[in-house]
There are 4 protein chains.
Amino acid sequence: MIRFNNDYSEVGHPRLLRRLLAMGSEQNAGYGQDSHSQAAAAWIRRLCEDPGVAVHFISGGTQTNLTVISAALRPHQGVLCAATGHIHTHETGSIEATGHAVLPLPAADGKITAAQIESYLLVHYQSSTAEHTVQPGMVYLSQPTELGTVYNLAELTAIADVCHCLGLYLFVDGARLAYALAAEGCDVTLPDLARLCDVFYMGGTKAGALFGEAVVISHPDLQRDFRYLMKQRGALLAKGFLLGIQFEELLQDGLYFELGRHGVRMAMQLQSALRSAGFSFLVDSPTNQQFVILPDTVLSRLADRFSFEYHQRIDAQCSAVRFCTSWATRPEDVQALVSAILSAAAENS
Amino acid sequence: MIRFNNDYSEVGHPRLLRRLLAMGSEQNAGYGQDSHSQAAAAWIRRLCEDPGVAVHFISGGTQTNLTVISAALRPHQGVLCAATGHIHTHETGSIEATGHAVLPLPAADGKITAAQIESYLLVHYQSSTAEHTVQPGMVYLSQPTELGTVYNLAELTAIADVCHCLGLYLFVDGARLAYALAAEGCDVTLPDLARLCDVFYMGGTKAGALFGEAVVISHPDLQRDFRYLMKQRGALLAKGFLLGIQFEELLQDGLYFELGRHGVRMAMQLQSALRSAGFSFLVDSPTNQQFVILPDTVLSRLADRFSFEYHQRIDAQCSAVRFCTSWATRPEDVQALVSAILSAAAENS
Amino acid sequence: MIRFNNDYSEVGHPRLLRRLLAMGSEQNAGYGQDSHSQAAAAWIRRLCEDPGVAVHFISGGTQTNLTVISAALRPHQGVLCAATGHIHTHETGSIEATGHAVLPLPAADGKITAAQIESYLLVHYQSSTAEHTVQPGMVYLSQPTELGTVYNLAELTAIADVCHCLGLYLFVDGARLAYALAAEGCDVTLPDLARLCDVFYMGGTKAGALFGEAVVISHPDLQRDFRYLMKQRGALLAKGFLLGIQFEELLQDGLYFELGRHGVRMAMQLQSALRSAGFSFLVDSPTNQQFVILPDTVLSRLADRFSFEYHQRIDAQCSAVRFCTSWATRPEDVQALVSAILSAAAENS
Amino acid sequence: MIRFNNDYSEVGHPRLLRRLLAMGSEQNAGYGQDSHSQAAAAWIRRLCEDPGVAVHFISGGTQTNLTVISAALRPHQGVLCAATGHIHTHETGSIEATGHAVLPLPAADGKITAAQIESYLLVHYQSSTAEHTVQPGMVYLSQPTELGTVYNLAELTAIADVCHCLGLYLFVDGARLAYALAAEGCDVTLPDLARLCDVFYMGGTKAGALFGEAVVISHPDLQRDFRYLMKQRGALLAKGFLLGIQFEELLQDGLYFELGRHGVRMAMQLQSALRSAGFSFLVDSPTNQQFVILPDTVLSRLADRFSFEYHQRIDAQCSAVRFCTSWATRPEDVQALVSAILSAAAENS
């Protein structure tokens, strides 16, 4: 079985594991108050070109999302996001469990727009019964989105402008940020994110780390007491230095970005081979998630050798499925997948 | 600086790291639905001598406590625990953040009794205004306790009996369980825990793992939908197999228990050397946490070479401090600590 | 200004006020443990033809909804409802504030169907990642709905069957139940509700009471400890006897039902006059809420003499607005409204 | 049975009921946006001598407490209060249900001090693991306290100073405020409360109203969006004008204060008669709650004619019980109670 169903099927990049092994009996302070976490945070501040951002490391994405969002909102506020947003579709109501409503906006390609946000707020505040409805307090975006698409700098700037004008926090979920940063045509950089967002995170779990996400907080109000909030949600890892060490290793010589580029290269090879063969795609994704439309007969032939994620029915014969590449994807596996698809399609025709 | 301030200062046991490194490009299913997690769960069921317990792996202790407790209680219920209980003193209100009150009982040595629990329930249900107060729904114990003491089988059985009679769930926090299982005179075994508790956990973070706790659920009502609850609280790790692999390695040949015994041996060497030198202890702890009463002058001399945790003032001259040994403690470091204490004490007298 | 914007513009029926005044210095036990509350509960059990239902009185609807729903659900569960459902649209995220997601289903006329519920559950449980999404635990209906429509007995029975088969609680919000019970063609009775629902409530606030809703609980699991849950949510009124006295007065000789009939009669007069004049309606409502489609020019002429609620734009010239009658509506005011609409329409043509 | 067990046994003052009855078919806007609520708020602003305070009306005390406290705190914050505080002892964990810990301080006479608060904060912020514990964010006091005692102006000023210096909100629960304002020696006035507190409330339920509490908010941050928070907690009554009308009637000519004085007069008659007869009191209360120490034999003789609240055992023969007078207490009933106690005591001796 070759796995294309997600980007977290392998333990982690061997350099990180060797680094952890080399630590031997080195002792470190707990809860992220160690020199490795500080060094990793310093790397991130440098990469963001902003010495004022606060950096914290958390084990996983759901935990990061719920900690950040519940830290930012007052009880009567909710978070706007794309209807496809991870917090709305795949986190078992984790945001609601902290007391806040998720307010989904339609988003055909996984992206929402500044105009949508502005219009939602206008309707809310013009209503004579605004206080009978949830007040939007934050916008949540994913970069890249759950469909693999990316916001460009103009789009993100417009959203940030609307948020700041209307008193909304802007939060970008970067669980797969390495793949957006490596995407052709994506002109949003880390300094842009640090400047435009109030808070965002750089995902490690899906980009070579064993586990771990680096939260970058620009807004002073969100920086305040954030470690209390992490601890309360169980997001302050006892051996926080494990996260610091991994991000140190990923960032000190650009490994993180190289792993992102590798994943995107593999995805582009897959995309280009399938496009050449005449297959179409649900959306045009420049990152490591590819949503291909394939005949169900092809899919059923693939299922015993490859794992992938069923996404949605397109018509009576065809479905869209997601193939995910990653930092660990081997070119020969992409080639094997392409060949299998082509030969399955040939047999059917 | 030699650290005795806690038992999670090192990365993890090298065998686990080598095992992770050896995984290479092996791919696994996500979210704990992999063969390693299954194998580790099977080891735990075998060690508990109970094929019916459900086993889940969670990254850290606070997350485990809040997930288990909020899964078990109805909104109007709270959890009884020792006033020294970790959930009451050191988790930033994580239980309250899920909507439930913590109901502390006095506990000089970190332990509560069946009689205390019974009496609390009696007072509650005899009150004509019971419904104006929080209804106890669960008892939370730590084995060993936050003061290093252990419940013996008679005590735990009595508590379990009271809980089952009065409709309370019994939950044992085993963050340091390896050290209780290794303690001289502790007659509580894993099969006892599986039989007497509704749910307990075996801590990995403090016993050789990089991170990870194994939750063992006996009660069918708590088994139901537990993975939903984990996901909602951010406690379902994407690479759940990391936890499975580590527990597999810890359990398959008894490494977990050996690491517990090592930590206890180191603690007993420290205790016995200090007792011989005439120092007294806050409580009589047979596990890896030792609460020694020392003159403040001695403490201030130790502070630049050793880290330890200040616990409480005893009188104008003396304080109780906690020294923690672990699976990773080196005999020479215990010896160095003892020598430093003795020579500091000598200089003062 | 004549108010048709809602059905809670007047203090309450004078009989209730006189009854309260006549109480004089009579003293009663607090928190609903008084003889009046018991008598009112007995009336409800008799009317429901079910001596086993539990009855509690709560001050208002939002409080009732959040108390009932949070009492019934486990943390990972959400509540299915029509997208137009009050808990989804007009309660400021009160359900989410108790930790639970609201799961809206499309409902053009305010009603959802057994088939929709069944299909939602099927999709949920067939998903390989069900546990990454909110588990439905309850169905919330309003009778009449927020659009004034009513479920008939066949529809409600089908929904109840699906709920019981699939392990969902069924909860009916009866804030305006008096008007549904009085609606022509509505064959759902109080005994039907008690038999088919796990819990429902009979609204007093909108049906002659000063304030107060009577919660009727059939399911034993929801009956358990319900007073604790009320107290915790601030829903156990100190002078609970105020609620008991009002429901006693409303129910002992059928005043409640007569007030419902009056409200419906007034609505039918309005409807029939406007239909005759050629106006159309958003939905066909047999209860006290009428959603009329009127030219914007007509609406602007009405606005200084009548209050009503803007509902939605229909096209460039027309909007749907809600006129609400009630137990207190005077025939002459309905007549005045009809005349005003007709003359405004005449001026425009 | 003559009730001295609480101060909410009667429907309400007849003047309020007659006023409500006189409203007849007058229609008002819903949700507190009516002229009566505005007039009542204006009265309160005038009495507080502060045109800048925001005033809102809520049905009951528990609802008020949970709405105010959860509106003010961030998720990791808790509320400091006396161990005897109502929110800690008698509200079924309502504060915890909103996600926040209650932090009780010892308080023999029901009162806490500025020094206690300061010292708690000092310990918190000096701890190296402060973020592992709940951060105090608010101080909750009751005026009068649950034991009937009152804070004087010097005490309240000292507490307010500490709160403002240390970044804590100060909230005073005035469920029985009318009785504190009427107490001999209590030099705290409404303008003092408005000036020193960030938020407090004037209770109506226990002071002549059918139900209702008036929340007075001084701090601008707490004023913001408060109606959203009320609605979310079910605390925005549909017929909010019922509350406005009652407070209008209570305040426009001083009835509220006169009712407070009456309750205190009745309590002082009771106290003085029992003191003369040689009985002692648990605390020295100048308000409408009197905690008398009586032989159990006397108590058992009283029980069939009088209701009162058992408070605590004093020794093998004696207990402290609470007798509550109110705006509605009749002098002859106080006399009957005194006589009954004296004659029961005489029979026993």
# chains A, B, ... in the order shown; residues from 1 in each chain; ligands from 1
>>> closest_atom_pairs(of="chain C", to="chain A", cutoff="9 Å", atoms="only C-alpha atoms", output="Markdown table")
| residue | atom | partner | partner_atom | distance |
| --- | --- | --- | --- | --- |
| C:Pro75 | CA | A:Ala97 | CA | 7.1 |
| C:His76 | CA | A:Thr92 | CA | 6.5 |
| C:Gln77 | CA | A:Gly93 | CA | 8.2 |
| C:Gly78 | CA | A:Gly93 | CA | 8.1 |
| C:His88 | CA | A:Thr133 | CA | 8.6 |
| C:Thr89 | CA | A:Thr133 | CA | 6.4 |
| C:His90 | CA | A:His132 | CA | 4.9 |
| C:Glu91 | CA | A:His132 | CA | 5.2 |
| C:Thr92 | CA | A:Thr133 | CA | 4.0 |
| C:Gly93 | CA | A:Val134 | CA | 5.6 |
| C:Ser94 | CA | A:His76 | CA | 8.3 |
| C:Ile95 | CA | A:Gly99 | CA | 8.2 |
| C:Glu96 | CA | A:Gly99 | CA | 5.1 |
| C:Ala97 | CA | A:Gly99 | CA | 3.8 |
| C:Thr98 | CA | A:Gly99 | CA | 5.9 |
| C:Gly99 | CA | A:Ala97 | CA | 3.8 |
| C:His100 | CA | A:Glu96 | CA | 5.5 |
| C:Ala101 | CA | A:Glu96 | CA | 5.6 |
| C:Val102 | CA | A:Ala101 | CA | 8.5 |
| C:Thr129 | CA | A:His90 | CA | 8.4 |
| C:Ala130 | CA | A:Thr92 | CA | 8.7 |
| C:Glu131 | CA | A:Thr92 | CA | 6.7 |
| C:His132 | CA | A:Thr92 | CA | 4.8 |
| C:Thr133 | CA | A:Thr92 | CA | 4.0 |
| C:Val134 | CA | A:Thr92 | CA | 4.5 |
| C:Gln135 | CA | A:Thr92 | CA | 7.7 |
>>> residues_around(residues="segment 160-168 of chain A", least_positions_apart="5", cutoff="7 Å", atoms="only C-alpha atoms", output="list in words")
Ala114, Glu118, Gly137, Met138, Val139, Leu196 and Cys197 of chain A
>>> atom_distance(atom1="atom CA of Asp284 of chain A", atom2="atom CA of Asp192 of chain A")
23.2 Å
>>> residues_around(residues="Ser9 of chain D", least_positions_apart="5", cutoff="7 Å", atoms="only C-alpha atoms", output="ChimeraX atom specification")
/C:27-30,239
>>> residues_around(residues="segment 300-311 of chain A", least_positions_apart="5", cutoff="9 Å", atoms="only C-alpha atoms", output="PyMOL selection string")
chain A and resi 1-6+291+295+319-324+337+340-341+344
>>> residues_around(residues="Trp327 of chain D", least_positions_apart="6", cutoff="9 Å", atoms="only C-alpha atoms", output="PyMOL selection string")
chain D and resi 7+13+206-208+258-264+266
>>> write_last_selection(atoms="N, CA and C atoms", output="PDB file, in the first residue's frame")
ATOM      1  N   ASP D   7     -36.204  35.443  52.073  1.00  0.00           N
ATOM      2  CA  ASP D   7     -36.852  36.744  51.872  1.00  0.00           C
ATOM      3  C   ASP D   7     -37.507  36.829  50.499  1.00  0.00           C
ATOM      4  N   HIS D  13     -44.622  43.265  46.161  1.00  0.00           N
ATOM      5  CA  HIS D  13     -45.337  44.361  46.800  1.00  0.00           C
ATOM      6  C   HIS D  13     -46.589  44.696  45.989  1.00  0.00           C
ATOM      7  N   LYS D 206     -35.591  40.106  46.223  1.00  0.00           N
ATOM      8  CA  LYS D 206     -35.664  40.009  47.674  1.00  0.00           C
ATOM      9  C   LYS D 206     -36.097  41.315  48.324  1.00  0.00           C
ATOM     10  N   ALA D 207     -36.481  42.270  47.504  1.00  0.00           N
ATOM     11  CA  ALA D 207     -36.800  43.592  48.054  1.00  0.00           C
ATOM     12  C   ALA D 207     -38.087  44.154  47.477  1.00  0.00           C
ATOM     13  N   GLY D 208     -39.091  43.305  47.308  1.00  0.00           N
ATOM     14  CA  GLY D 208     -40.405  43.809  46.937  1.00  0.00           C
ATOM     15  C   GLY D 208     -40.826  43.516  45.513  1.00  0.00           C
ATOM     16  N   GLU D 258     -37.484  52.173  51.458  1.00  0.00           N
ATOM     17  CA  GLU D 258     -38.388  51.988  52.585  1.00  0.00           C
ATOM     18  C   GLU D 258     -38.572  50.496  52.883  1.00  0.00           C
ATOM     19  N   LEU D 259     -38.678  49.681  51.837  1.00  0.00           N
ATOM     20  CA  LEU D 259     -38.839  48.238  52.041  1.00  0.00           C
ATOM     21  C   LEU D 259     -37.594  47.661  52.708  1.00  0.00           C
ATOM     22  N   GLY D 260     -36.429  48.149  52.305  1.00  0.00           N
ATOM     23  CA  GLY D 260     -35.186  47.718  52.951  1.00  0.00           C
ATOM     24  C   GLY D 260     -35.197  48.065  54.427  1.00  0.00           C
ATOM     25  N   ARG D 261     -35.612  49.288  54.716  1.00  0.00           N
ATOM     26  CA  ARG D 261     -35.637  49.707  56.123  1.00  0.00           C
ATOM     27  C   ARG D 261     -36.610  48.858  56.936  1.00  0.00           C
ATOM     28  N   HIS D 262     -37.741  48.525  56.345  1.00  0.00           N
ATOM     29  CA  HIS D 262     -38.706  47.697  57.062  1.00  0.00           C
ATOM     30  C   HIS D 262     -38.096  46.331  57.415  1.00  0.00           C
ATOM     31  N   GLY D 263     -37.471  45.717  56.441  1.00  0.00           N
ATOM     32  CA  GLY D 263     -36.867  44.404  56.677  1.00  0.00           C
ATOM     33  C   GLY D 263     -35.836  44.464  57.799  1.00  0.00           C
ATOM     34  N   VAL D 264     -35.040  45.524  57.803  1.00  0.00           N
ATOM     35  CA  VAL D 264     -34.012  45.666  58.834  1.00  0.00           C
ATOM     36  C   VAL D 264     -34.654  45.923  60.207  1.00  0.00           C
ATOM     37  N   MET D 266     -37.478  44.856  61.275  1.00  0.00           N
ATOM     38  CA  MET D 266     -38.005  43.578  61.772  1.00  0.00           C
ATOM     39  C   MET D 266     -36.851  42.712  62.304  1.00  0.00           C
TER      40      MET D 266
END
>>> select_by_dssp(residues="segment 23-90 of chain B", states="strand (DSSP E or B)", output="list in words")
Ala54, Val55, His56, Phe57, Ile58, Gln77, Gly78, Val79, Leu80, Cys81 and Ala82 of chain B
>>> residues_around(residues="Asp296 of chain A", least_positions_apart="6", cutoff="9 Å", atoms="only C-alpha atoms", output="PyMOL selection string")
chain A and resi 316-319
>>> write_last_selection(atoms="C-alpha atoms", output="compact mmCIF listing (two decimals), in the first residue's frame")
# COMPACT_ATOMS: atom_id res chain seq x y z
CA ALA A 316 -22.93 9.25 -12.03
CA GLN A 317 -19.59 7.91 -13.27
CA CYS A 318 -16.96 10.15 -11.74
CA SER A 319 -15.73 11.33 -8.36
>>> residues_around(residues="segment 181-183 of chain A", least_positions_apart="3", cutoff="12 Å", atoms="only C-alpha atoms", output="count of residues only")
45
>>> select_by_dssp(residues="segment 299-328 of chain D", states="alpha helix (DSSP H)", output="JSON list (two decimals) with C-alpha atoms, in the first residue's frame")
[["chain", "number", "residue", "atom", "x", "y", "z"],
["D", 299, "LEU", "CA", -35.31, 24.23, 67.27],
["D", 300, "SER", "CA", -37.29, 21.04, 67.17],
["D", 301, "ARG", "CA", -40.17, 22.72, 68.99],
["D", 302, "LEU", "CA", -40.20, 25.60, 66.51]]
>>> atom_distance(atom1="atom CA of Ser142 of chain C", atom2="atom CA of Asp253 of chain C")
25.8 Å
>>> atom_distance(atom1="atom CA of Gly254 of chain B", atom2="atom CA of Gly212 of chain A")
29.2 Å
